[in-house]
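For reference, work-v3.cif (mmCIF, C-alpha atoms and all ligand atoms):
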```cif
data_start
loop_
_atom_site.label_atom_id
_atom_site.label_comp_id
_atom_site.auth_asym_id
_atom_site.auth_seq_id
_atom_site.Cartn_x
_atom_site.Cartn_y
_atom_site.Cartn_z
CA MET A 1113 7.44 2.01 -10.12
CA THR A 1114 9.47 -1.01 -9.16
CA SER A 1115 12.38 -2.50 -7.31
CA PRO A 1116 13.77 -5.42 -9.31
CA PRO A 1117 15.95 -8.20 -7.87
CA TYR A 1118 19.55 -7.06 -7.26
CA ASN A 1119 21.00 -10.46 -8.28
CA LEU A 1120 22.17 -11.11 -4.72
CA GLY A 1121 20.91 -14.69 -4.42
CA LYS A 1122 17.96 -13.74 -2.20
CA ALA A 1123 15.25 -16.31 -1.47
CA TYR A 1124 13.35 -15.26 -4.60
CA GLU A 1125 16.19 -15.24 -7.15
CA ARG A 1126 18.92 -17.40 -8.64
CA ARG A 1127 22.25 -15.61 -8.68
CA GLU A 1128 23.23 -15.30 -12.35
CA SER A 1129 26.05 -13.73 -14.32
CA LEU A 1130 25.92 -9.96 -14.50
CA GLU A 1131 25.53 -10.22 -18.29
CA ASP A 1132 22.45 -12.48 -17.96
CA TYR A 1133 21.03 -10.26 -15.22
CA LEU A 1134 21.41 -7.14 -17.35
CA ALA A 1135 19.94 -8.92 -20.37
CA SER A 1136 16.76 -9.77 -18.43
CA GLN A 1137 16.63 -6.23 -17.02
CA ARG A 1138 16.95 -4.87 -20.55
CA GLN A 1139 13.84 -6.82 -21.52
CA ALA A 1140 11.85 -5.72 -18.47
CA ILE A 1141 12.85 -2.08 -18.99
CA ALA A 1142 11.91 -2.20 -22.70
CA GLU A 1143 8.45 -3.56 -21.79
CA CYS A 1144 7.94 -0.88 -19.16
CA VAL A 1145 8.94 1.83 -21.63
CA ARG A 1146 6.51 0.34 -24.14
CA VAL A 1147 3.50 0.34 -21.78
CA THR A 1148 4.17 3.72 -20.14
CA ARG A 1149 2.09 6.43 -21.71
CA SER A 1150 3.53 9.68 -22.91
CA GLY A 1151 3.84 12.06 -19.94
CA GLY A 1152 4.11 9.13 -17.54
CA SER A 1153 7.08 8.13 -15.39
CA ILE A 1154 9.27 5.11 -14.75
CA CYS A 1155 10.96 4.75 -11.35
CA TRP A 1156 13.55 1.98 -10.90
CA GLN A 1157 14.75 1.49 -7.32
CA VAL A 1158 17.98 -0.46 -6.82
CA GLY A 1159 20.74 -1.01 -4.30
CA PRO A 1160 24.21 -2.35 -5.02
CA HIS A 1161 25.00 -5.84 -6.25
CA ILE A 1162 27.84 -7.42 -4.23
CA ASP A 1163 29.92 -9.88 -6.25
CA ASN A 1164 31.87 -12.97 -5.12
CA HIS A 1165 34.92 -10.81 -4.26
CA GLY A 1166 32.84 -8.59 -1.99
CA GLN A 1167 33.09 -5.95 -4.70
CA VAL A 1168 30.29 -3.36 -4.84
CA ILE A 1169 28.68 -3.11 -8.28
CA PRO A 1170 26.51 0.05 -8.50
CA LEU A 1171 23.50 -1.35 -10.34
CA ASP A 1172 21.94 2.01 -11.15
CA LEU A 1173 25.06 2.93 -13.16
CA LEU A 1174 24.80 -0.32 -15.13
CA LEU A 1175 21.06 0.03 -15.65
CA TYR A 1176 21.16 3.68 -16.71
CA PRO A 1177 22.43 2.87 -20.25
CA LEU A 1178 19.55 0.42 -20.70
CA PHE A 1179 17.16 3.34 -20.15
CA ALA A 1180 19.29 5.82 -22.07
CA ALA A 1181 19.02 3.53 -25.11
CA HIS A 1182 15.40 4.72 -25.30
CA GLN A 1183 16.31 8.41 -25.16
CA LYS A 1184 15.80 9.06 -28.85
CA SER A 1185 13.08 6.60 -29.83
CA ASP A 1186 10.83 7.09 -26.79
CA ALA A 1187 12.04 10.46 -25.44
CA LEU A 1188 12.96 8.89 -22.12
CA ARG A 1189 14.52 11.51 -19.83
CA LEU A 1190 16.20 11.10 -16.45
CA ARG A 1191 14.65 13.72 -14.11
CA ASN A 1192 16.21 12.71 -10.81
CA ARG A 1193 18.60 10.20 -9.35
CA ILE A 1194 17.10 10.00 -5.88
CA VAL A 1195 19.06 8.68 -2.91
CA TRP A 1196 17.00 6.79 -0.34
CA GLN A 1197 18.99 6.74 2.90
CA TYR A 1198 18.22 4.86 6.08
CA ALA A 1199 19.95 4.55 9.42
CA HIS A 1200 20.02 0.80 10.00
CA GLY A 1201 21.28 -2.28 8.15
CA LEU A 1202 24.11 -4.80 8.01
CA HIS A 1203 27.30 -3.78 9.78
CA CYS A 1204 30.18 -4.28 7.34
CA ILE A 1205 33.64 -5.14 8.59
CA ARG A 1206 35.81 -4.58 5.52
CA ARG A 1207 34.03 -1.60 3.98
CA PHE A 1208 31.75 1.20 5.15
CA SER A 1209 28.25 -0.07 5.91
CA GLY A 1210 25.81 0.57 3.06
CA ARG A 1211 23.11 3.01 4.10
CA TYR A 1212 21.48 4.14 0.87
CA GLU A 1213 19.89 2.90 -2.30
CA VAL A 1214 18.96 4.76 -5.46
CA ILE A 1215 15.84 5.49 -7.48
CA LEU A 1216 16.21 6.43 -11.14
CA TRP A 1217 13.20 8.52 -12.17
CA PHE A 1218 12.59 8.86 -15.90
CA THR A 1219 9.74 10.55 -17.74
CA LYS A 1220 8.45 9.59 -21.14
CA GLY A 1221 8.59 12.89 -22.96
CA ASP A 1222 9.10 16.46 -21.84
CA ASP A 1223 5.49 17.27 -20.98
CA TYR A 1224 5.06 15.16 -17.87
CA VAL A 1225 2.99 14.93 -14.70
CA PHE A 1226 4.68 16.45 -11.65
CA HIS A 1227 2.77 17.58 -8.55
CA LEU A 1228 5.03 19.10 -5.94
CA ASP A 1229 2.43 20.38 -3.46
CA PRO A 1230 1.16 16.97 -2.21
CA VAL A 1231 4.70 15.89 -1.31
CA ARG A 1232 6.12 19.06 0.19
CA VAL A 1233 7.79 18.63 3.59
CA PRO A 1234 8.03 21.04 6.53
CA GLN A 1235 10.37 24.00 6.15
CA LYS A 1236 13.45 23.82 8.33
CA TYR A 1237 13.10 27.50 9.28
CA PRO A 1238 9.48 28.53 8.58
CA GLY A 1239 10.03 31.79 10.45
CA LYS A 1240 12.76 32.92 8.04
CA ARG A 1241 12.12 36.35 6.46
CA SER A 1242 13.45 38.15 3.40
CA TYR A 1243 16.16 40.57 4.44
CA LYS A 1244 16.21 42.83 1.37
CA GLY A 1245 14.19 44.03 -1.63
CA SER A 1246 10.47 44.76 -1.83
CA LYS A 1247 9.62 41.67 0.25
CA ARG A 1248 11.94 42.65 3.07
CA GLY A 1249 10.53 41.42 6.40
CA ALA A 1250 8.02 39.05 4.76
CA TYR A 1251 8.20 35.32 5.39
CA SER A 1252 10.27 33.85 2.55
CA GLY A 1253 9.30 30.15 2.67
CA ASN A 1254 6.43 28.52 0.81
CA PRO A 1255 3.59 28.13 3.36
CA LEU A 1256 2.81 24.69 1.88
CA GLY A 1257 6.28 23.44 2.80
CA LYS A 1258 9.46 22.83 0.86
CA ASN A 1259 10.50 20.55 -1.99
CA PRO A 1260 11.65 17.26 -0.39
CA GLY A 1261 14.85 17.27 -2.45
CA ASP A 1262 16.51 14.21 -3.92
CA VAL A 1263 17.83 12.64 -0.70
CA TRP A 1264 15.03 10.87 1.13
CA ASP A 1265 15.21 9.57 4.66
CA PHE A 1266 12.76 6.73 5.33
CA PRO A 1267 13.36 3.85 7.75
CA SER A 1268 13.94 0.58 5.89
CA VAL A 1269 11.56 -2.30 6.59
CA LYS A 1270 13.29 -4.30 9.30
CA SER A 1271 11.59 -6.83 11.58
CA SER A 1272 10.29 -4.14 13.96
CA HIS A 1273 8.71 -2.09 11.16
CA VAL A 1274 4.93 -1.97 11.29
CA GLU A 1275 4.69 -2.94 7.58
CA LYS A 1276 6.97 -6.00 7.73
CA THR A 1277 5.70 -9.15 5.97
CA ILE A 1278 7.62 -12.36 5.22
CA HIS A 1279 9.07 -10.75 2.11
CA PRO A 1280 12.86 -10.32 2.58
CA CYS A 1281 13.22 -7.04 0.67
CA GLN A 1282 10.19 -4.79 1.07
CA PHE A 1283 10.49 -1.09 0.66
CA PRO A 1284 8.36 1.12 2.94
CA VAL A 1285 5.00 2.36 1.65
CA GLU A 1286 6.07 5.99 2.07
CA LEU A 1287 8.69 5.59 -0.66
CA PRO A 1288 6.38 4.67 -3.59
CA ALA A 1289 3.66 6.87 -2.04
CA ARG A 1290 5.74 10.01 -2.55
CA LEU A 1291 6.35 9.04 -6.18
CA VAL A 1292 2.72 8.07 -6.81
CA LEU A 1293 1.48 11.38 -5.41
CA ALA A 1294 4.00 13.48 -7.31
CA LEU A 1295 4.14 11.64 -10.65
CA SER A 1296 0.58 10.49 -11.33
CA ASN A 1297 -3.00 11.70 -11.29
CA ALA A 1298 -5.92 10.22 -9.38
CA GLY A 1299 -7.30 7.25 -11.34
CA ASP A 1300 -4.01 6.54 -13.16
CA LEU A 1301 -2.75 2.97 -13.43
CA ILE A 1302 0.49 2.23 -11.55
CA LEU A 1303 2.39 -0.88 -12.63
CA ASP A 1304 4.99 -2.76 -10.59
CA PRO A 1305 6.44 -5.64 -12.64
CA PHE A 1306 8.46 -6.94 -9.62
CA LEU A 1307 5.62 -6.59 -7.17
CA GLY A 1308 6.94 -8.52 -4.14
CA SER A 1309 4.65 -7.92 -1.17
CA GLY A 1310 2.68 -5.34 -3.15
CA THR A 1311 4.00 -2.14 -1.56
CA THR A 1312 3.69 -0.10 -4.76
CA ALA A 1313 0.12 -1.31 -5.29
CA VAL A 1314 -0.71 -0.42 -1.68
CA ALA A 1315 0.66 3.10 -2.18
CA ALA A 1316 -1.36 3.44 -5.39
CA VAL A 1317 -4.63 2.29 -3.85
CA LEU A 1318 -4.17 4.41 -0.72
CA HIS A 1319 -3.95 7.47 -2.95
CA GLY A 1320 -6.82 6.82 -5.35
CA ARG A 1321 -4.84 5.26 -8.19
CA ARG A 1322 -5.32 1.84 -9.78
CA ALA A 1323 -2.63 -0.82 -9.49
CA ALA A 1324 -1.29 -3.77 -11.47
CA GLY A 1325 1.72 -5.97 -10.90
CA SER A 1326 3.42 -9.32 -11.31
CA ASP A 1327 5.76 -11.57 -9.39
CA VAL A 1328 7.14 -15.06 -10.00
CA ILE A 1329 6.38 -16.23 -6.45
CA LYS A 1330 2.74 -16.98 -5.73
CA GLU A 1331 3.13 -16.55 -1.98
CA TYR A 1332 4.19 -12.92 -2.50
CA VAL A 1333 1.31 -12.26 -4.88
CA ASP A 1334 -1.08 -13.64 -2.24
CA ILE A 1335 0.40 -11.29 0.36
CA ALA A 1336 0.20 -8.38 -2.08
CA ARG A 1337 -3.47 -9.13 -2.76
CA LYS A 1338 -4.28 -9.16 0.97
CA ARG A 1339 -2.38 -5.94 1.60
CA VAL A 1340 -4.15 -4.18 -1.26
CA ILE A 1341 -7.55 -5.28 0.07
CA HIS A 1342 -6.66 -3.98 3.54
CA ALA A 1343 -5.37 -0.75 2.02
CA ALA A 1344 -8.66 -0.27 0.15
CA ARG A 1345 -10.63 -0.94 3.34
CA GLY A 1346 -8.44 1.38 5.40
CA THR A 1347 -7.33 -1.46 7.69
CA LEU A 1348 -3.68 -1.83 6.61
CA ARG A 1349 -1.15 -0.81 9.24
CA ILE A 1350 1.42 1.50 7.69
CA ARG A 1351 3.93 4.04 8.84
CA PRO A 1352 2.13 7.30 8.06
CA LEU A 1353 3.46 9.52 5.29
CA GLY A 1354 5.44 12.42 6.67
CA ARG A 1355 5.97 10.96 10.14
CA GLU A 1356 9.23 12.23 11.60
CA ILE A 1357 11.93 9.72 12.41
CA ILE A 1358 11.74 9.61 16.18
CA LEU A 1359 14.98 9.19 18.04
CA TYR A 1360 15.39 7.56 21.40
CA SER A 1361 15.65 9.95 24.28
CA PRO A 1362 19.35 10.56 25.03
CA ASN A 1363 18.68 9.76 28.68
CA SER A 1364 17.27 6.29 28.02
CA ASP A 1365 19.18 3.10 28.86
CA LEU A 1366 19.60 2.44 25.16
CA THR A 1367 21.39 5.69 24.45
CA THR A 1368 23.53 5.78 27.59
CA PRO A 1369 27.08 4.60 26.80
CA PRO A 1370 28.17 1.83 29.22
CA PRO A 1371 31.51 2.30 31.05
CA GLY A 1372 34.48 1.77 28.72
CA PHE A 1373 32.63 2.77 25.55
CA ARG A 1374 34.66 5.10 23.38
CA PHE A 1375 32.18 7.93 23.04
CA PRO A 1376 30.77 8.94 26.42
CA ARG A 1377 28.04 11.51 26.12
CA SER A 1378 29.22 15.04 26.66
CA PRO A 1379 27.35 17.12 29.24
CA GLY A 1380 26.25 19.64 26.60
CA ASP A 1381 24.33 17.11 24.47
CA GLN A 1382 20.94 18.25 23.24
CA LEU A 1383 17.78 16.25 23.68
CA ALA A 1384 17.45 14.29 20.42
CA CYS A 1385 13.72 14.37 20.80
CA PRO A 1386 12.58 17.68 22.28
CA GLY A 1387 9.14 17.48 23.77
CA ILE A 1388 9.42 13.83 24.77
CA PRO A 1389 10.01 13.57 28.51
CA ASP A 1390 13.12 11.59 29.46
CA SER A 1391 11.04 9.40 31.70
CA GLN A 1392 8.95 8.21 28.76
CA SER A 1393 9.91 4.83 27.41
CA PRO A 1394 11.98 5.06 24.24
CA VAL A 1395 10.21 5.02 20.89
CA PRO A 1396 11.84 2.92 18.18
CA ALA A 1397 12.78 4.77 15.01
CA HIS A 1398 10.53 2.44 13.00
CA ALA A 1399 7.41 2.88 15.14
C1 LIG A 1401 13.24 -6.38 -4.48
S1 LIG A 1401 11.83 -7.43 -4.56
C2 LIG A 1401 10.47 -6.28 -4.66
C3 LIG A 1401 9.94 -5.94 -3.30
C4 LIG A 1401 8.77 -4.99 -3.32
N1 LIG A 1401 9.18 -3.65 -3.74
C5 LIG A 1401 8.11 -4.93 -1.95
O1 LIG A 1401 8.08 -3.84 -1.33
O2 LIG A 1401 7.69 -5.96 -1.45
C6 LIG A 1401 11.90 -8.09 -6.16
C7 LIG A 1401 10.77 -9.06 -6.49
O3 LIG A 1401 10.89 -9.46 -7.86
C8 LIG A 1401 10.39 -10.79 -7.97
N2 LIG A 1401 10.89 -11.35 -9.22
C9 LIG A 1401 12.08 -11.92 -9.50
N3 LIG A 1401 12.17 -12.25 -10.80
C10 LIG A 1401 11.00 -11.88 -11.38
C11 LIG A 1401 10.49 -11.93 -12.71
N4 LIG A 1401 11.20 -12.45 -13.68
N5 LIG A 1401 9.26 -11.42 -12.94
C12 LIG A 1401 8.52 -10.88 -11.92
N6 LIG A 1401 8.97 -10.79 -10.63
C13 LIG A 1401 10.18 -11.29 -10.38
C14 LIG A 1401 10.87 -11.47 -6.71
O4 LIG A 1401 10.10 -12.59 -6.39
C15 LIG A 1401 10.75 -10.34 -5.67
O5 LIG A 1401 9.54 -10.44 -4.96
#
```

Re-express the file's structure as structure tokens.
Ligand SMILES: C[S@@+](CC[C@H](N)C(=O)[O-])C[C@H]1O[C@@H](n2cnc3c(N)ncnc32)[C@H](O)[C@@H]1O
Amino acid sequence: MTSPPYNLGKAYERRESLEDYLASQRQAIAECVRVTRSGGSICWQVGPHIDNHGQVIPLDLLLYPLFAAHQKSDALRLRNRIVWQYAHGLHCIRRFSGRYEVILWFTKGDDYVFHLDPVRVPQKYPGKRSYKGSKRGAYSGNPLGKNPGDVWDFPSVKSSHVEKTIHPCQFPVELPARLVLALSNAGDLILDPFLGSGTTAVAAVLHGRRAAGSDVIKEYVDIARKRVIHAARGTLRIRPLGREIILYSPNSDLTTPPPGFRFPRSPGDQLACPGIPDSQSPVPAHA
């Protein structure tokens, strides 16, 4: 499980030609395919690369052929192209603001580990009943919850996020945690070759897996080590798995449109956060 550099010229990378970038990704992917055991998974999480013309280059589409090249020799199969969406980020002026990234999930072989129950999410309508057939009148949903689908909504790690470190591009623990729980067994070894602040390793350790990883920047490896130790001791602060994204009360100062704003609230608006009294101070989405 990894999130490689996107070749954006971030603090930890030198912006290089797309050809050179893809050549180094080809090498990293080939090594990951080599060390993944049969029945194991590879998850590659990427956002877009933006070139010097402001052009959006969808990295997952360019990287897919590098994985597909292993289809025959290593039986690498794409199982899902997962969209990770989030509400906040840069506000673009000359295109629509980017609010999702992608995870390519491949398995090595056709007989692979997949545990749905640990990652099920609440049913939208748990009280729904069958309306025909022999089960007519019986509750129709799975009591353990529903399949989370392939569009995942987790807050990104901005400065107010409880997991934020000095790393400029962390993903939230809940993202690799869902994959670790679904795609591996307790005791398995989870590798992140572009470890960053160690989020994948944290997710692995929190869920009884072993972790390994590498990064070219020692400072990040030091942070990753500390986070893993705290995770093992149960002292790492994380956003809990499955926590709902809490919206600000619609009657708070923050959600009240000032005079002259284009979209005044209509009188029929619902409480965004039923159960939270309007008087209560607003709760940030990342809390
Ligand atoms: C998108 S970040 C990963 C962030 C990580 N998922 C987290 O939550 O902190 C990519 C990382 O790859 C590292 N990196 C860049 N080139 C590398 C290389 N050749 N080998 C290993 N790591 C590299 C960067 O230092 C950076 O920390």

Task: Spatial sel., origin (-0.7, -3.6, -3.8), limit 10 Å, all atoms listed in the file, listed as a ChimeraX atom specification - done: /A:1285,1302-1304,1307-1318,1322-1325,1333,1335-1344

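As for CA of Leu1216 (chain A) and CA of Arg1193 (chain A), they are spaced 4.8 Å apart.
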
Open item on the list: Using only C-alpha atoms for the distances, tell me which of A:Tyr1243, A:Tyr1118, A:Trp1264, A:Phe1179 is nearest to Ile1141 (chain A).
Closed with: A:Phe1179

Task: Å distance separating CA of Val1269 (chain A) from CA of Trp1156 (chain A), one decimal place - done: 18.1 Å

Task: Pick from A:Pro1260, A:Pro1305, A:Pro1280, A:Pro1116, whichever lies nearest to Val1147 (chain A) using only C-alpha atoms - done: A:Pro1305

Task: Nearest residue to ligand LIG 1401 (chain A) from the set A:Asp1223, A:Asp1327, A:Asp1365, A:Glu1356 (distances using all atoms listed in the file) - done: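 Among the listed residues, A:Asp1327 lies closest to ligand LIG 1401 (chain A).
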
- [ ] Using all atoms listed in the file, determine which residues lie at most 12 Å from Arg1189 (chain A), disregarding the query and same-chain residues fewer than 3 positions distant; provide the list as a PyMOL selection string.
- [x] chain A and resi 1145+1150-1155+1176-1177+1179-1186+1192-1193+1216-1224

Open item on the list: Just the number, please: distance in Å from CA of Leu1174 (chain A) to CA of Thr1114 (chain A), one decimal.
Closed with: 16.5 Å

Open item on the list: Restricting the calculation to only C-alpha atoms: of A:Ser1209, A:Ser1136, A:Gln1197, A:Ser1296, which residue gets closest to Val1168 (chain A)?
Closed with: A:Ser1209

- [ ] Compare A:Leu1291, A:Val1225, A:Leu1134, A:Ile1215 by their minimum atom-to-atom distance to Ser1115 (chain A), counting all atoms listed in the file, and give me the closest one.
- [x] A:Ile1215

TODO: Go through A:Arg1149, A:Ile1205, A:Gly1346, A:Phe1306 one by one, measure the shortest atom-to-atom distance of each to Val1328 (chain A) using all atoms listed in the file, and give the residue with the smallest value.
DONE: A:Phe1306

TODO: Name the residues in contact with Ile1162 (chain A) at a cut-off of 12 Å, using only C-alpha atoms, excluding same-chain residues fewer than 2 positions from it; report them as a list of chain:residue names.
DONE: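 In the requested format, the answer is A:Tyr1118, A:Asn1119, A:Leu1120, A:Gly1121, A:Lys1122, A:Arg1127, A:Leu1130, A:Gly1159, A:Pro1160, A:Asn1164, A:His1165, A:Gly1166, A:Gln1167, A:Val1168, A:Ile1169, A:Pro1170, A:Leu1171, A:Arg1207, A:Gly1210.
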
For the residues in that selection, give me C-alpha atoms as a compact mmCIF listing (two decimals), in the frame of the given file.
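Output file out-v1.txt follows:
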```
# COMPACT_ATOMS: atom_id res chain seq x y z
CA TYR A 1118 19.55 -7.06 -7.26
CA ASN A 1119 21.00 -10.46 -8.28
CA LEU A 1120 22.17 -11.11 -4.72
CA GLY A 1121 20.91 -14.69 -4.42
CA LYS A 1122 17.96 -13.74 -2.20
CA ARG A 1127 22.25 -15.61 -8.68
CA LEU A 1130 25.92 -9.96 -14.50
CA GLY A 1159 20.74 -1.01 -4.30
CA PRO A 1160 24.21 -2.35 -5.02
CA ASN A 1164 31.87 -12.97 -5.12
CA HIS A 1165 34.92 -10.81 -4.26
CA GLY A 1166 32.84 -8.59 -1.99
CA GLN A 1167 33.09 -5.95 -4.70
CA VAL A 1168 30.29 -3.36 -4.84
CA ILE A 1169 28.68 -3.11 -8.28
CA PRO A 1170 26.51 0.05 -8.50
CA LEU A 1171 23.50 -1.35 -10.34
CA ARG A 1207 34.03 -1.60 3.98
CA GLY A 1210 25.81 0.57 3.06
```
